[in-house]
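File shown: my_file-v3.cif (mmCIF, C-alpha atoms).
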data_protein
#
loop_
_atom_site.label_atom_id
_atom_site.label_comp_id
_atom_site.auth_asym_id
_atom_site.auth_seq_id
_atom_site.Cartn_x
_atom_site.Cartn_y
_atom_site.Cartn_z
CA MET Y 1 78.52 47.48 51.56
CA THR Y 2 77.15 47.69 55.06
CA SER Y 3 74.00 46.84 56.95
CA PRO Y 4 71.13 49.26 57.63
CA GLU Y 5 71.70 51.56 60.59
CA PRO Y 6 70.88 50.03 63.97
CA PRO Y 7 67.48 51.26 65.19
CA GLU Y 8 67.35 53.97 67.81
CA HIS Y 9 65.85 51.65 70.43
CA VAL Y 10 68.79 49.25 69.98
CA ARG Y 11 71.30 52.06 70.42
CA SER Y 12 69.42 53.25 73.46
CA THR Y 13 69.36 49.78 75.06
CA PHE Y 14 73.14 49.55 74.66
CA GLY Y 15 73.54 53.04 76.16
CA LEU Y 16 74.52 54.63 72.85
CA ARG Y 17 71.71 57.12 72.31
CA GLY Y 18 72.97 60.20 70.48
CA THR Y 19 76.33 58.68 69.58
CA GLU Y 20 77.43 59.35 66.00
CA LEU Y 21 77.43 56.28 63.75
CA HIS Y 22 80.20 55.32 61.31
CA PRO Y 23 79.78 52.32 58.95
CA LEU Y 24 82.59 49.75 59.08
CA GLY Y 25 81.62 47.69 56.01
CA MET Y 26 81.26 43.97 55.50
CA SER Y 27 84.82 43.27 56.67
CA ARG Y 28 83.38 43.93 60.14
CA ASP Y 29 80.12 42.03 59.58
CA GLY Y 30 78.34 45.15 58.40
CA GLY Y 31 78.83 46.78 61.78
CA TRP Y 32 78.57 50.42 62.83
CA ARG Y 33 81.05 52.14 65.11
CA CYS Y 34 79.55 54.25 67.88
CA GLY Y 35 82.43 55.82 69.78
CA ASP Y 36 84.40 52.91 71.24
CA VAL Y 37 81.59 50.39 70.61
CA VAL Y 38 80.65 48.46 67.48
CA LEU Y 39 77.04 47.46 66.81
CA SER Y 40 76.78 44.46 64.46
CA PRO Y 41 73.76 42.64 63.01
CA VAL Y 42 73.38 39.07 64.26
CA ALA Y 43 72.78 36.15 61.87
CA ASP Y 44 72.08 33.61 64.63
CA HIS Y 45 70.99 34.63 68.11
CA ALA Y 46 72.27 31.52 69.92
CA ARG Y 47 75.74 31.74 68.38
CA ALA Y 48 76.01 35.49 68.97
CA ALA Y 49 75.03 35.17 72.62
CA TRP Y 50 77.42 32.25 73.08
CA SER Y 51 80.32 34.16 71.51
CA ALA Y 52 79.64 37.19 73.68
CA LYS Y 53 79.54 35.13 76.87
CA VAL Y 54 82.83 33.38 75.97
CA ARG Y 55 84.63 36.57 74.95
CA GLU Y 56 83.54 38.34 78.13
CA ASN Y 57 86.19 36.57 80.22
CA LEU Y 58 88.41 34.64 77.81
CA VAL Y 59 92.10 35.55 78.06
CA VAL Y 60 94.42 34.63 75.18
CA ASP Y 61 98.11 35.39 75.31
CA GLY Y 62 99.07 37.92 72.65
CA LEU Y 63 95.54 38.53 71.36
CA ARG Y 64 93.25 41.54 71.68
CA LEU Y 65 89.68 40.24 71.98
CA ALA Y 66 86.59 42.37 71.52
CA ARG Y 67 84.58 42.32 74.75
CA PRO Y 68 80.79 42.30 74.68
CA VAL Y 69 78.86 45.34 75.79
CA ARG Y 70 75.67 44.30 77.52
CA GLY Y 71 72.42 46.13 77.14
CA THR Y 72 71.07 48.08 80.09
CA ASP Y 73 68.85 45.05 80.79
CA GLY Y 74 71.83 42.65 80.71
CA ARG Y 75 71.20 41.17 77.28
CA TYR Y 76 74.01 40.36 74.82
CA VAL Y 77 71.68 40.55 71.79
CA VAL Y 78 68.95 43.15 71.30
CA SER Y 79 66.54 42.90 68.36
CA GLY Y 80 69.10 41.15 66.20
CA TRP Y 81 72.09 43.34 67.16
CA ARG Y 82 75.11 42.79 69.38
CA ALA Y 83 77.54 45.33 70.81
CA ASP Y 84 81.28 44.90 71.34
CA THR Y 85 84.26 47.04 72.18
CA PHE Y 86 86.03 48.37 69.08
CA VAL Y 87 89.24 46.53 68.19
CA GLU Y 88 91.63 48.58 66.11
CA GLY Y 89 93.14 47.04 62.98
CA ASN Y 90 92.44 45.51 59.59
CA PRO Y 91 92.99 42.12 57.96
CA GLU Y 92 96.47 41.85 56.43
CA PRO Y 93 98.26 39.06 54.52
CA ARG Y 94 100.24 38.01 57.59
CA HIS Y 95 99.25 34.38 57.15
CA ASP Y 96 101.74 32.67 59.43
CA GLU Y 97 100.75 35.04 62.23
CA VAL Y 98 97.11 34.05 61.70
CA VAL Y 99 98.05 30.40 62.19
CA SER Y 100 99.96 31.36 65.33
CA VAL Y 101 96.85 33.17 66.58
CA SER Y 102 94.87 29.98 65.91
CA LEU Y 103 97.20 27.93 68.10
CA ARG Y 104 97.08 30.37 71.02
CA LEU Y 105 93.35 30.89 70.78
CA HIS Y 106 92.57 27.20 70.73
CA ALA Y 107 94.84 26.45 73.63
CA ALA Y 108 92.58 28.86 75.55
CA THR Y 109 89.27 27.46 74.22
CA ALA Y 110 90.19 23.80 74.75
CA PRO Y 111 88.44 23.58 78.16
CA LEU Y 112 85.14 24.98 76.83
CA GLU Y 113 82.13 22.69 76.60
CA ARG Y 114 80.37 21.95 73.34
CA PRO Y 115 77.35 24.24 72.94
CA ARG Y 116 74.12 22.42 72.18
CA PHE Y 117 73.48 24.29 68.94
CA LEU Y 118 76.56 22.65 67.37
CA SER Y 119 74.78 19.30 67.55
CA GLN Y 120 71.76 20.49 65.57
CA PRO Y 121 71.50 19.54 61.86
CA PRO Y 122 70.68 22.10 59.18
CA THR Y 123 66.96 22.74 58.94
CA ALA Y 124 64.77 24.11 56.17
CA PRO Y 125 64.30 26.85 55.19
CA TRP Y 126 68.09 27.25 55.05
CA VAL Y 127 69.94 30.33 56.20
CA ASP Y 128 73.70 31.01 56.08
CA VAL Y 129 74.33 29.11 59.30
CA ASP Y 130 72.76 25.95 57.85
CA VAL Y 131 75.05 26.10 54.80
CA PHE Y 132 78.15 26.07 56.99
CA VAL Y 133 76.75 23.35 59.26
CA ALA Y 134 76.07 21.11 56.24
CA ALA Y 135 79.49 21.86 54.73
CA ASP Y 136 81.28 21.12 58.00
CA ARG Y 137 79.55 17.76 58.28
CA ALA Y 138 80.34 16.96 54.64
CA ALA Y 139 84.07 17.01 55.37
CA TRP Y 140 83.76 14.43 58.15
CA GLU Y 141 80.81 12.14 57.42
CA ALA Y 142 81.47 8.83 55.63
CA VAL Y 143 79.77 9.96 52.42
CA PRO Y 144 79.90 13.75 51.90
CA LEU Y 145 76.46 15.39 52.07
CA ARG Y 146 74.68 12.03 52.44
CA SER Y 147 72.82 13.54 55.41
CA LEU Y 148 71.02 15.85 52.97
CA GLY Y 149 69.70 12.88 51.02
CA PRO Y 150 68.99 12.82 47.28
CA SER Y 151 67.71 16.40 47.47
CA VAL Y 152 71.26 17.77 47.90
CA ARG Y 153 71.04 19.42 44.49
CA GLU Y 154 68.00 21.38 45.63
CA TYR Y 155 70.32 23.11 48.11
CA ALA Y 156 73.32 23.36 45.77
CA ALA Y 157 73.49 26.83 44.33
CA SER Y 158 76.79 27.52 42.55
CA SER Y 159 77.09 27.45 38.74
CA ASP Y 160 79.75 24.72 38.99
CA THR Y 161 78.03 22.60 41.61
CA GLU Y 162 78.57 19.28 39.82
CA GLN Y 163 82.31 19.92 39.50
CA SER Y 164 82.58 20.90 43.16
CA LEU Y 165 80.64 17.85 44.33
CA ALA Y 166 82.72 15.53 42.16
CA MET Y 167 85.93 16.92 43.66
CA LEU Y 168 84.46 16.51 47.13
CA VAL Y 169 83.69 12.83 46.54
CA ARG Y 170 87.17 12.14 45.11
CA LEU Y 171 88.90 13.82 48.03
CA ALA Y 172 86.79 11.84 50.51
CA THR Y 173 88.49 8.63 49.36
CA LEU Y 174 91.83 10.01 50.59
CA ARG Y 175 90.71 10.45 54.17
CA LYS Y 176 92.15 8.34 56.95
CA PRO Y 177 90.89 8.17 60.55
CA VAL Y 178 92.23 10.91 62.82
CA GLU Y 179 92.80 10.70 66.55
CA THR Y 180 93.23 14.36 67.46
CA PRO Y 181 90.30 15.14 69.79
CA ALA Y 182 87.63 17.64 68.86
CA GLN Y 183 87.25 20.80 70.88
CA LEU Y 184 85.74 24.27 70.56
CA VAL Y 185 87.46 26.12 67.70
CA HIS Y 186 87.03 29.30 65.70
CA GLY Y 187 86.55 28.10 62.13
CA ASP Y 188 86.78 31.40 60.25
CA LEU Y 189 90.13 33.01 61.02
CA PHE Y 190 91.12 34.06 57.50
CA GLY Y 191 90.19 37.70 56.98
CA THR Y 192 88.98 38.18 60.56
CA VAL Y 193 92.26 38.58 62.46
CA LEU Y 194 92.95 42.31 62.76
CA PHE Y 195 96.43 43.81 62.58
CA ALA Y 196 97.52 47.30 63.59
CA GLY Y 197 101.28 47.79 63.24
CA SER Y 198 103.20 46.21 66.08
CA MET Y 199 100.13 45.79 68.30
CA ALA Y 200 99.04 42.28 69.20
CA PRO Y 201 96.57 40.82 66.68
CA GLY Y 202 92.90 41.46 67.36
CA LEU Y 203 89.72 39.43 66.99
CA ALA Y 204 86.17 40.75 67.02
CA ASP Y 205 84.21 37.48 67.17
CA ILE Y 206 84.43 33.69 67.41
CA THR Y 207 82.66 31.44 64.90
CA PRO Y 208 82.27 28.13 66.75
CA TYR Y 209 82.86 24.62 65.44
CA TRP Y 210 83.53 21.37 67.31
CA ARG Y 211 86.58 20.01 65.50
CA PRO Y 212 90.28 19.32 66.17
CA ALA Y 213 92.30 22.49 66.70
CA PRO Y 214 94.65 21.78 63.74
CA TRP Y 215 91.61 21.68 61.44
CA ALA Y 216 90.82 25.30 62.26
CA ALA Y 217 94.40 26.27 61.42
CA GLY Y 218 94.03 24.22 58.25
CA VAL Y 219 90.95 26.17 57.16
CA ALA Y 220 92.86 29.44 57.56
CA VAL Y 221 95.75 28.04 55.51
CA VAL Y 222 93.47 26.69 52.76
CA ASP Y 223 91.74 30.07 52.52
CA ALA Y 224 95.05 31.95 52.43
CA VAL Y 225 96.55 29.78 49.68
CA SER Y 226 93.32 29.64 47.65
CA TRP Y 227 92.37 33.31 47.72
CA GLY Y 228 94.73 35.30 49.92
CA GLY Y 229 97.88 35.25 47.80
CA ALA Y 230 99.82 33.14 50.32
CA ASP Y 231 102.84 31.22 49.07
CA GLU Y 232 102.35 27.50 48.62
CA GLY Y 233 104.99 26.83 51.26
CA LEU Y 234 102.45 27.86 53.90
CA LEU Y 235 100.89 24.41 53.49
CA GLU Y 236 104.09 22.71 54.66
CA ARG Y 237 105.46 25.22 57.16
CA TRP Y 238 102.99 24.01 59.80
CA ASP Y 239 103.40 20.29 59.14
CA ASP Y 240 104.45 19.70 62.74
CA LEU Y 241 100.80 20.14 63.76
CA PRO Y 242 99.04 16.85 64.57
CA GLU Y 243 97.81 14.90 61.53
CA TRP Y 244 98.35 18.01 59.41
CA PRO Y 245 97.79 16.64 55.87
CA GLN Y 246 94.51 15.03 56.96
CA MET Y 247 93.41 18.28 58.61
CA LEU Y 248 94.19 20.20 55.41
CA LEU Y 249 92.25 17.60 53.42
CA ARG Y 250 89.16 18.06 55.56
CA ALA Y 251 89.58 21.84 55.47
CA VAL Y 252 89.58 21.99 51.67
CA MET Y 253 86.62 19.58 51.56
CA PHE Y 254 84.75 21.91 53.92
CA ARG Y 255 85.40 24.89 51.64
CA LEU Y 256 84.39 22.93 48.53
CA ALA Y 257 81.09 22.04 50.19
CA VAL Y 258 80.51 25.67 51.19
CA HIS Y 259 81.15 26.69 47.58
CA ALA Y 260 78.71 24.10 46.26
CA LEU Y 261 75.95 25.04 48.69
CA HIS Y 262 76.22 28.77 49.33
CA PRO Y 263 73.82 30.89 47.23
CA ARG Y 264 76.27 33.79 47.03
CA SER Y 265 79.27 31.73 45.95
CA THR Y 266 80.70 32.71 42.56
CA ALA Y 267 82.52 30.81 39.81
CA ASP Y 268 85.85 32.52 40.50
CA VAL Y 269 86.12 30.70 43.85
CA LEU Y 270 86.65 27.19 42.50
CA PRO Y 271 89.96 27.52 40.59
CA GLY Y 272 91.86 28.56 43.73
CA LEU Y 273 90.29 25.77 45.75
CA ALA Y 274 91.02 23.20 43.06
CA HIS Y 275 94.68 24.25 42.94
CA THR Y 276 94.98 24.04 46.73
CA ALA Y 277 93.30 20.62 46.69
CA ASP Y 278 95.91 19.40 44.18
CA LEU Y 279 98.74 20.64 46.41
CA ILE Y 280 97.22 18.90 49.44
CA ARG Y 281 96.80 15.66 47.47
CA MET Y 282 100.54 15.64 46.83
CA MET Y 283 101.19 15.88 50.59
CA LEU Y 284 99.13 12.79 51.42
#
Please express what this file holds, its structure, as structure tokens.
Amino acid sequence: MTSPEPPEHVRSTFGLRGTELHPLGMSRDGGWRCGDVVLSPVADHARAAWSAKVRENLVVDGLRLARPVRGTDGRYVVSGWRADTFVEGNPEPRHDEVVSVSLRLHAATAPLERPRFLSQPPTAPWVDVDVFVAADRAAWEAVPLRSLGPSVREYAASSDTEQSLAMLVRLATLRKPVETPAQLVHGDLFGTVLFAGSMAPGLADITPYWRPAPWAAGVAVVDAVSWGGADEGLLERWDDLPEWPQMLLRAVMFRLAVHALHPRSTADVLPGLAHTADLIRMML
């Protein structure tokens, strides 16, 4: 699967008129390669422009970051498309290296200020961004998804919504207060870190959240154990990170909420998450 081809006026604005297009598939956000540049459709203008501005000058030790390519008029986003330098590589099951990338990346993003859009609640009619905003809040608020009110089931979309929500509520009772400060983190590292042999890992984008850095590592670990074939020992190999079991707990709650709310979530997602949740429970 890939997105429709970027319009000619978009290619022209980014200085890519006449360049041959090659689809990269959904593993690269439905982007199209044009020489050494990738054009990708944008789901949220504010987040895309923010990511581009941050990646323009961010330096992370041992990480190849895609740099934004501005339009001829200076814009980062043109008619719903962004342009970035092509980063060679593909996702690989090198899960501990992904966690290591998380630590280095978030050491570099720690000084960044919280963008205003991260304070905004989900708003109807929902789009993908609103699903993830609601799910993120569910893992941290006193009563998961209370902010959606009694209409939460109007948003819930998966065939096993009730089971997912029940698990979410049970896990919430195991939370304890955490003291690790929130900062700017990339909350979607699993499947987005690119590997190419012995080259440094690469990253094409940053999906922003305002949470403790170990939580972002925890999300990557939960994803890897649930769906990526990672060994269960991955959960404990990083237990020297601050408040690690509580970060894993909130990470699996976040993913359960995404599963319950996302319209494209499928029934085969829950068994892996439920197994990971059981493993995390035993660590608490």
Just the residues within 10 Å of Y:Arg94, please, counting all atoms listed in the file, with nothing from its chain fewer than 2 positions along; format it as a PyMOL selection string.
chain Y and resi 91-92+96-99+190+193-195+224+228+230
For stretch 10-12 of chain Y, work out the shell of residues within 8 Å, counting all atoms listed in the file and skipping chain neighbours fewer than 6 positions away, then give it as a ChimeraX atom specification.
/Y:78-79,81
In Å, rounded to a single decimal, give me how far atom CA of Y:Trp210 is from atom CA of Y:Ala257.
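Separating atom CA of Y:Ala257 from atom CA of Y:Trp210 is a distance of 17.3 Å.
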List the residues selected by the PyMOL selection byres ((chain Y and resi 82) around 9) in the file shown, writing them as a ChimeraX atom specification.
/Y:14,38-42,48-49,52,68-71,75-81,83-84
Quick one: which residues end up in the PyMOL selection byres ((chain Y and resi 226) around 7) for this structure, as a list in words?
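After applying the PyMOL selection byres ((chain Y and resi 226) around 7), what remains is Val222, Asp223, Ala224, Val225, Trp227, Gly228, Gly272, Leu273 and Thr276 of chain Y.
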Considering all atoms listed in the file, return as an MDAnalysis selection string whatever protein or nucleic-acid residues lie within 7 Å of stretch 103-118 of chain Y, sequence-local ones (same chain, fewer than 2 positions apart) excluded.
chainID Y and resid 60:61 99:101 120 183:185 209:210 213
Tell me which residues the PyMOL selection byres ((chain Y and resi 199-202) around 7) grabs here, as a list in words.
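When the PyMOL selection byres ((chain Y and resi 199-202) around 7) is applied, the selected residues are Gly62, Leu63, Arg64, Leu65, Val87, Val193, Leu194, Phe195, Ala196, Gly197, Ser198, Leu203 and Ala204 of chain Y.
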Straight-line distance linking atom CA of Y:Gly218 with atom CA of Y:Ala274, stated in Å to one decimal:
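So the two atoms, atom CA of Y:Gly218 and atom CA of Y:Ala274, lie 15.5 Å apart.
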With all atoms listed in the file as the counted atoms, please give the residues lying no more than 9 Å from Y:Met247, apart from itself and same-chain residues fewer than 5 positions off, as an MDAnalysis selection string.
chainID Y and resid 178 212 214:219 242 252
Shell of 6 Å around stretch 33-37 of chain Y, all atoms listed in the file, local chain residues under 2 positions omitted, as a ChimeraX atom specification
/Y:19-22,84-86
Output C-alpha atoms for every residue in the selection just made, as a short mmCIF file (atom, residue, chain, number, x, y, z; two decimals), keeping the file's coordinate frame.
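Written output follows (part11.cif):
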data_model
loop_
_atom_site.label_atom_id
_atom_site.label_comp_id
_atom_site.auth_asym_id
_atom_site.auth_seq_id
_atom_site.Cartn_x
_atom_site.Cartn_y
_atom_site.Cartn_z
CA THR Y 19 76.33 58.68 69.58
CA GLU Y 20 77.43 59.35 66.00
CA LEU Y 21 77.43 56.28 63.75
CA HIS Y 22 80.20 55.32 61.31
CA ASP Y 84 81.28 44.90 71.34
CA THR Y 85 84.26 47.04 72.18
CA PHE Y 86 86.03 48.37 69.08
#
Students should find that atom CA of Y:Pro208 and atom CA of Y:His186 are spaced 5.0 Å
Please, which residues are within 7 Å of (83.0, 40.7, 80.7) by the file's coordinates, counting only C-alpha atoms, and could they come as a list in words?
Glu56, Asn57, Arg67 and Pro68 of chain Y
For C-alpha atoms, I'd like the residues from the last selection saved as a PDB file, keeping the file's coordinate frame.
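What ended up in part_6.pdb:
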ATOM      1  CA  GLU Y  56      83.540  38.340  78.130  1.00  0.00           C
ATOM      2  CA  ASN Y  57      86.190  36.570  80.220  1.00  0.00           C
ATOM      3  CA  ARG Y  67      84.580  42.320  74.750  1.00  0.00           C
ATOM      4  CA  PRO Y  68      80.790  42.300  74.680  1.00  0.00           C
TER       5      PRO Y  68
END
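Nearest residue to Y:Gly191 among Y:Pro4, Y:Gly74, Y:Pro263, Y:Pro93 is Y:Pro93, counting only C-alpha atoms.
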Select, from Y:Thr72, Y:Ser119, Y:Arg281, Y:Leu248, the residue with the minimum atom-to-atom distance to Y:Leu16, counting all atoms listed in the file.
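Closest residue, counting all atoms listed in the file: Y:Thr72.
Nearest residue to Y:Thr161, choosing from Y:Leu256, Y:Ala220, Y:Leu284, Y:Ala142 and counting all atoms listed in the file: Y:Leu256.
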Closest of Y:Leu168, Y:Arg175, Y:Glu8, Y:Gly229 to Y:Pro144 - atom-to-atom distances counting only C-alpha atoms
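Under the stated criterion, the closest residue is Y:Leu168.
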Of Y:Arg137, Y:Leu165, Y:Ser3, Y:Ala43, the one nearest to Y:Met26 when counting all atoms listed in the file is Y:Ser3
